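**Student:** Have a look at this one.
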Amino acid sequence: MRSCWRWTVLLWTGGSALVGGELNGVFRSGNPIPDVPYLQEAGWSIPSEIALTTVVAHQGEVLAGTSRGVVRLKDRQWEPQPGLSEPIQRLVVAKNQVWALGSPGLWVRESGLWRQVTSAAVADVVEFRGEVLASVGPQLMRIQGRSLEPLTGAKARFDLQRLVSHQEDRKSTRLNSSHITISYAV
């Protein structure tokens, strides 16, 4: 049996808007609501000819890694950085320097120029007790000038992917400068 009643729901939203709903759809009377961006959506759209794989901000500069090296944001345009044309997967700031991790390879930016540290497959770098450490496969390495040396003789049973330097007390959650650990993720 078909009902002869027509069901309607009306909602007064304040101002001049009235929203109504029937069994066959939802309708609105009044002025249309303009689709304007919220403040957090406002910003710049900076086009790039190639995909950006990683972005870092350091000392007032914005750098991005690409499949063709590193680019720098200058006057709302991406400017290629000389001296590094290898694919870059990550950019990291450690010891007040920018480090570029490629496949394979590790570069450091010194005085605006890129210098290759190693051609080893470095997964991550982190600053720890004033030194820069790197993860290479299952081993934690110390960066010394243009070379890598093992931090210890120990090796993990898996490849180290991310390094995080932090301080913690194993007995409580209070900070304790006598015990500092490095965490890693696979």
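Letters A, B, ... mark the chains of the structure tokens in the order given; residue numbers begin at 1 per chain; ligand numbers begin at 1, in order shown.
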List the spatial neighbours of A:Ala154 as a ChimeraX atom specification - criterion: any atom at most 9 Å away, only C-alpha atoms, same-chain residues fewer than 5 positions off excluded.
**Tutor:** /A:138-140
**Student:** Would you mind listing what lies within 10 Å of A:Ile88 as JSON, numbers by chain, with only C-alpha atoms counted and same-chain residues fewer than 3 positions away left out?
**Tutor:** {"A": [52, 53, 54, 64, 65, 66, 67, 68, 69, 70, 84, 85, 91, 100, 101, 102, 103, 104, 105, 106, 107]}
**Student:** Report as an mmCIF file with C-alpha atoms, in the first residue's frame all protein, DNA and RNA residues lying within 8 Å of A:Val108, evaluated on only C-alpha atoms, omitting residues in the same chain fewer than 6 positions from it.
**Tutor:**
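Output contents, as saved in part_9.cif:
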data_model
loop_
_atom_site.group_PDB
_atom_site.id
_atom_site.type_symbol
_atom_site.label_atom_id
_atom_site.label_comp_id
_atom_site.auth_asym_id
_atom_site.auth_seq_id
_atom_site.Cartn_x
_atom_site.Cartn_y
_atom_site.Cartn_z
ATOM 1 C CA GLN A 97 74.083 20.665 7.817
ATOM 2 C CA VAL A 98 71.806 19.241 5.143
ATOM 3 C CA TRP A 99 72.450 15.606 4.217
ATOM 4 C CA ALA A 100 71.099 14.076 0.998
ATOM 5 C CA TRP A 114 77.393 19.296 -2.320
ATOM 6 C CA ARG A 115 80.168 16.860 -1.403
ATOM 7 C CA GLN A 116 79.771 13.088 -1.641
ATOM 8 C CA VAL A 117 80.606 11.313 1.610
#
**Student:** Provide the atom CA of A:Leu113 to atom CA of A:Pro80 distance in Å, to one decimal place.
**Tutor:** 12.0 Å
**Student:** If I take atom CA of A:Arg146 and atom CA of A:Phe158, how far is one from the other in Å, to one decimal?
**Tutor:**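 Atom-to-atom, atom CA of A:Arg146 to atom CA of A:Phe158, that is 25.6 Å.
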**Student:** Name the residues of stretch 64-170 of chain A that fall into strand (DSSP E or B) according to DSSP on the backbone, using the chain letters and numbers of this document, as an MDAnalysis selection string.
**Tutor:** chainID A and resid 64:66 69:74 77:80 88:94 97:102 105:110 113:118 122:128 131:136 139:144 147:150 162:167
